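Printed here is final32.pdb (PDB, C-alpha atoms, pLDDT in the B column):
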```pdb
MODEL        1
ATOM      1  CA  MET K   1     -34.205  13.239 -61.943  1.00 50.00           C
ATOM      2  CA  GLY K   2     -34.243  10.849 -64.840  1.00 58.00           C
ATOM      3  CA  ASN K   3     -31.821   8.163 -65.804  1.00 71.00           C
ATOM      4  CA  LEU K   4     -30.896   6.658 -62.426  1.00 82.00           C
ATOM      5  CA  ARG K   5     -30.969   2.987 -63.423  1.00 83.00           C
ATOM      6  CA  SER K   6     -28.803   3.342 -66.539  1.00 88.00           C
ATOM      7  CA  VAL K   7     -26.248   5.444 -64.664  1.00 91.00           C
ATOM      8  CA  ALA K   8     -26.162   2.965 -61.773  1.00 91.00           C
ATOM      9  CA  LYS K   9     -25.604   0.056 -64.185  1.00 91.00           C
ATOM     10  CA  ALA K  10     -22.806   1.928 -65.970  1.00 91.00           C
ATOM     11  CA  LEU K  11     -21.084   2.784 -62.687  1.00 92.00           C
ATOM     12  CA  GLU K  12     -21.342  -0.853 -61.607  1.00 88.00           C
ATOM     13  CA  ALA K  13     -19.850  -1.939 -64.964  1.00 90.00           C
ATOM     14  CA  ALA K  14     -17.009   0.487 -64.254  1.00 89.00           C
ATOM     15  CA  GLY K  15     -16.357  -1.279 -60.935  1.00 87.00           C
ATOM     16  CA  ALA K  16     -18.236   0.916 -58.455  1.00 88.00           C
ATOM     17  CA  SER K  17     -20.502  -0.262 -55.684  1.00 89.00           C
ATOM     18  CA  VAL K  18     -23.664   1.802 -56.165  1.00 91.00           C
ATOM     19  CA  VAL K  19     -26.417   2.901 -53.802  1.00 90.00           C
ATOM     20  CA  VAL K  20     -29.380   4.717 -55.376  1.00 90.00           C
ATOM     21  CA  THR K  21     -31.041   6.697 -52.626  1.00 85.00           C
ATOM     22  CA  SER K  22     -33.120   9.699 -51.709  1.00 83.00           C
ATOM     23  CA  ASP K  23     -32.226   9.265 -48.028  1.00 85.00           C
ATOM     24  CA  ARG K  24     -29.720  11.873 -46.843  1.00 84.00           C
ATOM     25  CA  SER K  25     -28.287   9.530 -44.200  1.00 86.00           C
ATOM     26  CA  ASP K  26     -27.313   7.007 -46.922  1.00 89.00           C
ATOM     27  CA  VAL K  27     -25.247   9.692 -48.641  1.00 90.00           C
ATOM     28  CA  ASP K  28     -23.064  10.194 -45.555  1.00 87.00           C
ATOM     29  CA  ASP K  29     -21.835   6.587 -45.830  1.00 88.00           C
ATOM     30  CA  CYS K  30     -20.702   6.978 -49.459  1.00 91.00           C
ATOM     31  CA  ASP K  31     -17.236   7.700 -50.794  1.00 93.00           C
ATOM     32  CA  ALA K  32     -18.426   9.586 -53.872  1.00 94.00           C
ATOM     33  CA  LEU K  33     -21.614  11.266 -55.048  1.00 93.00           C
ATOM     34  CA  CYS K  34     -23.061  11.069 -58.554  1.00 94.00           C
ATOM     35  CA  VAL K  35     -25.978  13.298 -59.519  1.00 92.00           C
ATOM     36  CA  PRO K  36     -27.285  12.339 -62.952  1.00 91.00           C
ATOM     37  CA  GLY K  37     -30.085  14.189 -64.568  1.00 81.00           C
ATOM     38  CA  GLN K  38     -32.552  14.501 -67.342  1.00 80.00           C
ATOM     39  CA  GLY K  39     -35.248  17.079 -67.124  1.00 87.00           C
ATOM     40  CA  ILE K  40     -35.855  20.723 -66.390  1.00 93.00           C
ATOM     41  CA  PHE K  41     -33.408  22.907 -64.467  1.00 95.00           C
ATOM     42  CA  GLY K  42     -36.079  24.636 -62.366  1.00 95.00           C
ATOM     43  CA  ARG K  43     -37.889  21.441 -61.435  1.00 94.00           C
ATOM     44  CA  CYS K  44     -34.603  19.791 -60.448  1.00 93.00           C
ATOM     45  CA  MET K  45     -33.577  22.736 -58.248  1.00 95.00           C
ATOM     46  CA  THR K  46     -37.042  22.883 -56.675  1.00 94.00           C
ATOM     47  CA  ASN K  47     -36.825  19.176 -55.788  1.00 92.00           C
ATOM     48  CA  LEU K  48     -33.299  19.563 -54.406  1.00 92.00           C
ATOM     49  CA  VAL K  49     -34.274  22.530 -52.221  1.00 94.00           C
ATOM     50  CA  ARG K  50     -37.536  20.943 -51.040  1.00 92.00           C
ATOM     51  CA  ASN K  51     -35.629  17.876 -49.811  1.00 88.00           C
ATOM     52  CA  ALA K  52     -32.592  19.879 -48.558  1.00 91.00           C
ATOM     53  CA  PHE K  53     -30.346  18.054 -51.022  1.00 93.00           C
ATOM     54  CA  ASP K  54     -29.033  21.404 -52.228  1.00 96.00           C
ATOM     55  CA  ASP K  55     -27.281  21.687 -48.857  1.00 95.00           C
ATOM     56  CA  VAL K  56     -26.092  18.071 -49.120  1.00 95.00           C
ATOM     57  CA  VAL K  57     -24.456  18.752 -52.496  1.00 96.00           C
ATOM     58  CA  ARG K  58     -22.918  22.063 -51.352  1.00 97.00           C
ATOM     59  CA  SER K  59     -21.527  20.486 -48.158  1.00 96.00           C
ATOM     60  CA  TRP K  60     -20.263  17.441 -50.049  1.00 96.00           C
ATOM     61  CA  ILE K  61     -18.320  19.552 -52.521  1.00 97.00           C
ATOM     62  CA  ALA K  62     -17.122  22.019 -49.842  1.00 97.00           C
ATOM     63  CA  ALA K  63     -15.635  19.030 -47.996  1.00 96.00           C
ATOM     64  CA  GLY K  64     -13.662  18.111 -51.127  1.00 96.00           C
ATOM     65  CA  LYS K  65     -15.471  14.817 -51.639  1.00 96.00           C
ATOM     66  CA  PRO K  66     -15.727  13.406 -55.195  1.00 96.00           C
ATOM     67  CA  TYR K  67     -18.778  14.625 -57.125  1.00 97.00           C
ATOM     68  CA  LEU K  68     -19.875  13.529 -60.598  1.00 96.00           C
ATOM     69  CA  GLY K  69     -22.594  15.609 -62.220  1.00 96.00           C
ATOM     70  CA  ILE K  70     -24.049  14.223 -65.436  1.00 95.00           C
ATOM     71  CA  CYS K  71     -25.960  16.542 -67.810  1.00 95.00           C
ATOM     72  CA  LEU K  72     -28.468  18.349 -65.557  1.00 96.00           C
ATOM     73  CA  GLY K  73     -26.370  17.170 -62.581  1.00 95.00           C
ATOM     74  CA  MET K  74     -23.567  19.373 -63.951  1.00 98.00           C
ATOM     75  CA  GLN K  75     -25.809  22.275 -65.003  1.00 98.00           C
ATOM     76  CA  ILE K  76     -27.258  22.753 -61.497  1.00 97.00           C
ATOM     77  CA  LEU K  77     -23.751  23.563 -60.237  1.00 98.00           C
ATOM     78  CA  PHE K  78     -23.898  26.881 -62.122  1.00 98.00           C
ATOM     79  CA  ASP K  79     -25.433  30.184 -61.045  1.00 98.00           C
ATOM     80  CA  SER K  80     -28.419  30.146 -63.393  1.00 97.00           C
ATOM     81  CA  SER K  81     -30.032  28.743 -66.510  1.00 98.00           C
ATOM     82  CA  GLU K  82     -31.968  30.416 -69.307  1.00 97.00           C
ATOM     83  CA  GLU K  83     -34.366  27.479 -69.064  1.00 96.00           C
ATOM     84  CA  ASN K  84     -35.749  28.922 -65.821  1.00 95.00           C
ATOM     85  CA  PRO K  85     -34.244  32.408 -65.360  1.00 95.00           C
ATOM     86  CA  ASP K  86     -36.006  33.027 -62.031  1.00 95.00           C
ATOM     87  CA  VAL K  87     -34.554  29.871 -60.423  1.00 96.00           C
ATOM     88  CA  ARG K  88     -31.074  30.020 -58.918  1.00 97.00           C
ATOM     89  CA  GLY K  89     -28.633  27.167 -59.396  1.00 97.00           C
ATOM     90  CA  LEU K  90     -26.302  25.955 -56.670  1.00 98.00           C
ATOM     91  CA  GLY K  91     -23.763  28.673 -57.547  1.00 98.00           C
ATOM     92  CA  ILE K  92     -20.780  26.374 -57.002  1.00 98.00           C
ATOM     93  CA  ILE K  93     -19.331  27.183 -60.434  1.00 98.00           C
ATOM     94  CA  ALA K  94     -19.631  30.774 -61.648  1.00 98.00           C
ATOM     95  CA  GLY K  95     -21.379  30.979 -64.992  1.00 98.00           C
ATOM     96  CA  ARG K  96     -24.644  30.266 -66.662  1.00 97.00           C
ATOM     97  CA  VAL K  97     -26.423  27.673 -68.718  1.00 98.00           C
ATOM     98  CA  THR K  98     -27.825  28.920 -72.029  1.00 98.00           C
ATOM     99  CA  ARG K  99     -30.034  27.471 -74.746  1.00 98.00           C
ATOM    100  CA  LEU K 100     -28.205  26.110 -77.741  1.00 98.00           C
ATOM    101  CA  PRO K 101     -28.529  28.404 -80.775  1.00 98.00           C
ATOM    102  CA  SER K 102     -31.500  28.048 -83.105  1.00 96.00           C
ATOM    103  CA  THR K 103     -29.093  27.734 -86.062  1.00 97.00           C
ATOM    104  CA  VAL K 104     -28.618  24.032 -85.223  1.00 97.00           C
ATOM    105  CA  ARG K 105     -30.956  21.175 -84.372  1.00 97.00           C
ATOM    106  CA  VAL K 106     -32.159  21.441 -80.781  1.00 97.00           C
ATOM    107  CA  PRO K 107     -32.123  19.281 -78.797  1.00 97.00           C
ATOM    108  CA  HIS K 108     -28.585  18.155 -79.552  1.00 98.00           C
ATOM    109  CA  ILE K 109     -29.060  14.376 -79.603  1.00 97.00           C
ATOM    110  CA  GLY K 110     -26.429  11.911 -80.695  1.00 97.00           C
ATOM    111  CA  TRP K 111     -22.701  11.398 -80.885  1.00 97.00           C
ATOM    112  CA  ASN K 112     -20.288  14.301 -80.979  1.00 97.00           C
ATOM    113  CA  THR K 113     -16.626  14.854 -80.243  1.00 96.00           C
ATOM    114  CA  VAL K 114     -15.220  16.276 -77.050  1.00 96.00           C
ATOM    115  CA  ALA K 115     -11.799  17.853 -77.403  1.00 93.00           C
ATOM    116  CA  GLY K 116      -9.724  17.851 -74.240  1.00 85.00           C
ATOM    117  CA  THR K 117      -7.755  20.885 -73.208  1.00 64.00           C
ATOM    118  CA  GLY K 118      -4.596  18.830 -72.720  1.00 63.00           C
ATOM    119  CA  GLY K 119      -4.084  18.215 -76.430  1.00 63.00           C
ATOM    120  CA  ALA K 120      -5.537  14.710 -76.364  1.00 70.00           C
ATOM    121  CA  ASP K 121      -7.318  13.477 -79.477  1.00 82.00           C
ATOM    122  CA  PRO K 122     -11.060  14.152 -79.453  1.00 89.00           C
ATOM    123  CA  GLU K 123     -13.289  11.323 -78.250  1.00 92.00           C
ATOM    124  CA  TYR K 124     -16.912  10.659 -79.145  1.00 95.00           C
ATOM    125  CA  PHE K 125     -19.586  10.843 -76.451  1.00 96.00           C
ATOM    126  CA  TYR K 126     -23.388  10.709 -76.540  1.00 97.00           C
ATOM    127  CA  PHE K 127     -25.322  13.955 -75.967  1.00 97.00           C
ATOM    128  CA  ASP K 128     -28.986  14.665 -75.298  1.00 96.00           C
ATOM    129  CA  HIS K 129     -29.568  18.303 -74.253  1.00 97.00           C
ATOM    130  CA  SER K 130     -30.980  21.674 -75.272  1.00 97.00           C
ATOM    131  CA  TYR K 131     -28.959  23.823 -72.857  1.00 98.00           C
ATOM    132  CA  ALA K 132     -25.198  24.073 -72.350  1.00 97.00           C
ATOM    133  CA  ALA K 133     -22.895  25.374 -69.630  1.00 97.00           C
ATOM    134  CA  HIS K 134     -20.710  28.432 -70.063  1.00 98.00           C
ATOM    135  CA  PRO K 135     -18.440  28.952 -67.049  1.00 98.00           C
ATOM    136  CA  ASP K 136     -17.030  32.395 -66.325  1.00 98.00           C
ATOM    137  CA  ASP K 137     -13.571  30.830 -65.980  1.00 98.00           C
ATOM    138  CA  ASP K 138     -12.518  28.594 -68.886  1.00 96.00           C
ATOM    139  CA  ALA K 139      -9.854  27.055 -66.624  1.00 97.00           C
ATOM    140  CA  VAL K 140     -12.525  24.701 -65.204  1.00 97.00           C
ATOM    141  CA  VAL K 141     -13.251  23.287 -68.671  1.00 97.00           C
ATOM    142  CA  ALA K 142     -11.548  19.945 -69.316  1.00 95.00           C
ATOM    143  CA  GLY K 143     -13.320  19.280 -72.621  1.00 96.00           C
ATOM    144  CA  TRP K 144     -15.101  21.315 -75.259  1.00 96.00           C
ATOM    145  CA  CYS K 145     -17.824  20.393 -77.738  1.00 97.00           C
ATOM    146  CA  GLU K 146     -19.203  22.302 -80.692  1.00 96.00           C
ATOM    147  CA  HIS K 147     -22.887  22.333 -81.631  1.00 98.00           C
ATOM    148  CA  GLY K 148     -23.731  25.722 -83.072  1.00 97.00           C
ATOM    149  CA  GLU K 149     -21.311  27.214 -80.554  1.00 97.00           C
ATOM    150  CA  PRO K 150     -18.509  25.913 -78.335  1.00 97.00           C
ATOM    151  CA  PHE K 151     -19.647  24.843 -74.871  1.00 98.00           C
ATOM    152  CA  ALA K 152     -18.184  23.114 -71.837  1.00 98.00           C
ATOM    153  CA  ALA K 153     -18.671  19.388 -72.347  1.00 98.00           C
ATOM    154  CA  THR K 154     -16.523  18.403 -69.353  1.00 97.00           C
ATOM    155  CA  ILE K 155     -15.811  20.374 -66.183  1.00 97.00           C
ATOM    156  CA  ARG K 156     -13.039  19.493 -63.723  1.00 96.00           C
ATOM    157  CA  THR K 157     -12.376  21.629 -60.703  1.00 97.00           C
ATOM    158  CA  GLY K 158     -11.448  20.542 -57.205  1.00 96.00           C
ATOM    159  CA  SER K 159     -13.366  17.354 -56.445  1.00 96.00           C
ATOM    160  CA  ILE K 160     -15.926  18.026 -59.209  1.00 97.00           C
ATOM    161  CA  LEU K 161     -16.238  16.196 -62.501  1.00 97.00           C
ATOM    162  CA  GLY K 162     -19.168  17.328 -64.623  1.00 97.00           C
ATOM    163  CA  THR K 163     -20.209  16.095 -68.053  1.00 97.00           C
ATOM    164  CA  GLN K 164     -22.774  17.565 -70.411  1.00 98.00           C
ATOM    165  CA  PHE K 165     -22.783  14.263 -72.286  1.00 97.00           C
ATOM    166  CA  HIS K 166     -24.085  10.975 -70.916  1.00 95.00           C
ATOM    167  CA  PRO K 167     -21.172   8.651 -70.126  1.00 95.00           C
ATOM    168  CA  GLU K 168     -23.661   5.859 -69.368  1.00 94.00           C
ATOM    169  CA  LYS K 169     -24.752   5.979 -73.027  1.00 94.00           C
ATOM    170  CA  SER K 170     -21.299   6.617 -74.505  1.00 95.00           C
ATOM    171  CA  GLY K 171     -19.981   3.090 -74.897  1.00 93.00           C
ATOM    172  CA  ARG K 172     -16.280   2.486 -74.369  1.00 93.00           C
ATOM    173  CA  SER K 173     -15.398   6.194 -73.986  1.00 92.00           C
ATOM    174  CA  GLY K 174     -18.052   6.715 -71.330  1.00 94.00           C
ATOM    175  CA  LEU K 175     -17.143   3.567 -69.441  1.00 93.00           C
ATOM    176  CA  GLY K 176     -13.497   4.638 -69.510  1.00 92.00           C
ATOM    177  CA  LEU K 177     -14.385   8.018 -68.029  1.00 93.00           C
ATOM    178  CA  LEU K 178     -16.446   6.356 -65.280  1.00 94.00           C
ATOM    179  CA  ARG K 179     -13.634   3.897 -64.516  1.00 92.00           C
ATOM    180  CA  GLU K 180     -11.139   6.764 -64.257  1.00 90.00           C
ATOM    181  CA  TRP K 181     -13.460   8.704 -61.958  1.00 91.00           C
ATOM    182  CA  GLY K 182     -14.088   5.642 -59.787  1.00 83.00           C
ATOM    183  CA  ALA K 183     -10.398   4.753 -59.607  1.00 79.00           C
ATOM    184  CA  ASN K 184      -9.614   8.192 -58.196  1.00 72.00           C
ATOM    185  CA  GLN K 185     -11.918   7.707 -55.201  1.00 63.00           C
TER     186      GLN K 185
ENDMDL
END
```

Can you dump the structure from the file as structure tokens?
Amino acid sequence: MGNLRSVAKALEAAGASVVVTSDRSDVDDCDALCVPGQGIFGRCMTNLVRNAFDDVVRSWIAAGKPYLGICLGMQILFDSSEENPDVRGLGIIAGRVTRLPSTVRVPHIGWNTVAGTGGADPEYFYFDHSYAAHPDDDAVVAGWCEHGEPFAATIRTGSILGTQFHPEKSGRSGLGLLREWGANQ
């Protein structure tokens, strides 16, 4: 859902060969899977289930193949979201997605820092979201952001890389992250 063209162009700029598809058989021929997203959690999950792409994503990740989830593409990996409490997520990462607090401007749009857990200096990335992921296990968090509360800005676990921010809109930092992800495939 959403920003397919800008993500495809950014991945190509990072050196990847990109296929944008809604055909399950095309996915089988790929080395890595990127699920970007803008939109509503429930609508995204409904579309995934209707087209059996929920099973594609689960199988892909279970096989240890590289997965990049951007914004909503990361959020759907969790158990649930306050945005649509009656809709289940993929349940691949234990935790939930909650609305950002009303004490700050929502949606969170613009540049903000992401602090890595390895002691690296914070980098700026571009955000555009109203909901944020909170995993049950902080060990999966590779980068934190603060906007009214701390939230997981980057998730790394197994073959999964998830970003709450939009690397395709994050200039040099985003392109660097996409290059690193592509180089590891």

Extract, using only C-alpha atoms, all DNA, RNA and protein residues at most 8 Å from Val106 of chain K, discarding same-chain residues fewer than 4 positions from it, and format them as a ChimeraX atom specification. /K:100-102,129-130

Just write the chosen residues, C-alpha atoms, as an mmCIF file, keeping the file's coordinate frame.
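Contents of result_26.cif, as written:
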```cif
data_model
loop_
_atom_site.group_PDB
_atom_site.id
_atom_site.type_symbol
_atom_site.label_atom_id
_atom_site.label_comp_id
_atom_site.auth_asym_id
_atom_site.auth_seq_id
_atom_site.Cartn_x
_atom_site.Cartn_y
_atom_site.Cartn_z
ATOM 1 C CA LEU K 100 -28.205 26.110 -77.741
ATOM 2 C CA PRO K 101 -28.529 28.404 -80.775
ATOM 3 C CA SER K 102 -31.500 28.048 -83.105
ATOM 4 C CA HIS K 129 -29.568 18.303 -74.253
ATOM 5 C CA SER K 130 -30.980 21.674 -75.272
#
```

Given the PyMOL selection byres ((chain K and resi 79-87) around 7), the residues it picks as a PDB file with C-alpha atoms, in the coordinates of the input:
```pdb
ATOM      1  CA  PHE K  41     -33.408  22.907 -64.467  1.00 95.00           C
ATOM      2  CA  GLY K  42     -36.079  24.636 -62.366  1.00 95.00           C
ATOM      3  CA  LEU K  77     -23.751  23.563 -60.237  1.00 98.00           C
ATOM      4  CA  PHE K  78     -23.898  26.881 -62.122  1.00 98.00           C
ATOM      5  CA  ARG K  88     -31.074  30.020 -58.918  1.00 97.00           C
ATOM      6  CA  GLY K  89     -28.633  27.167 -59.396  1.00 97.00           C
ATOM      7  CA  LEU K  90     -26.302  25.955 -56.670  1.00 98.00           C
ATOM      8  CA  GLY K  91     -23.763  28.673 -57.547  1.00 98.00           C
ATOM      9  CA  ILE K  93     -19.331  27.183 -60.434  1.00 98.00           C
ATOM     10  CA  ALA K  94     -19.631  30.774 -61.648  1.00 98.00           C
ATOM     11  CA  GLY K  95     -21.379  30.979 -64.992  1.00 98.00           C
ATOM     12  CA  ARG K  96     -24.644  30.266 -66.662  1.00 97.00           C
ATOM     13  CA  VAL K  97     -26.423  27.673 -68.718  1.00 98.00           C
ATOM     14  CA  THR K  98     -27.825  28.920 -72.029  1.00 98.00           C
ATOM     15  CA  ARG K  99     -30.034  27.471 -74.746  1.00 98.00           C
TER      16      ARG K  99
END
```

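Take atom CA of Gly158 of chain K and atom CA of Met74 of chain K: the distance between them is 13.9 Å.
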
Against segment 171-179 of chain K, which residues of segment 7-96 of chain K fall within 7 Å? For each one I want the closest pair of atoms and the distance in Å (one decimal), counting only C-alpha atoms, rows by chain and increasing residue number, as a Markdown table.
```
| residue | atom | partner | partner_atom | distance |
| --- | --- | --- | --- | --- |
| K:Ala10 | CA | K:Leu175 | CA | 6.8 |
| K:Leu11 | CA | K:Leu178 | CA | 6.4 |
| K:Ala14 | CA | K:Arg179 | CA | 4.8 |
| K:Gly15 | CA | K:Arg179 | CA | 6.9 |
```

Using atom CA of Cys30 of chain K and atom CA of Ile76 of chain K as the two end points, give the distance in Å to one decimal. 20.9 Å

Using all atoms listed in the file, pick whichever of K:Glu180, K:Glu168, K:Asp137, K:Glu149 has the shortest atom-to-atom distance to Phe125 of chain K. K:Glu168

Excluding same-chain residues fewer than 3 positions from Pro66 of chain K, what lies within 12 Å of it counting all atoms listed in the file, as a ChimeraX atom specification? /K:30-35,57-63,69,156-162,181-185
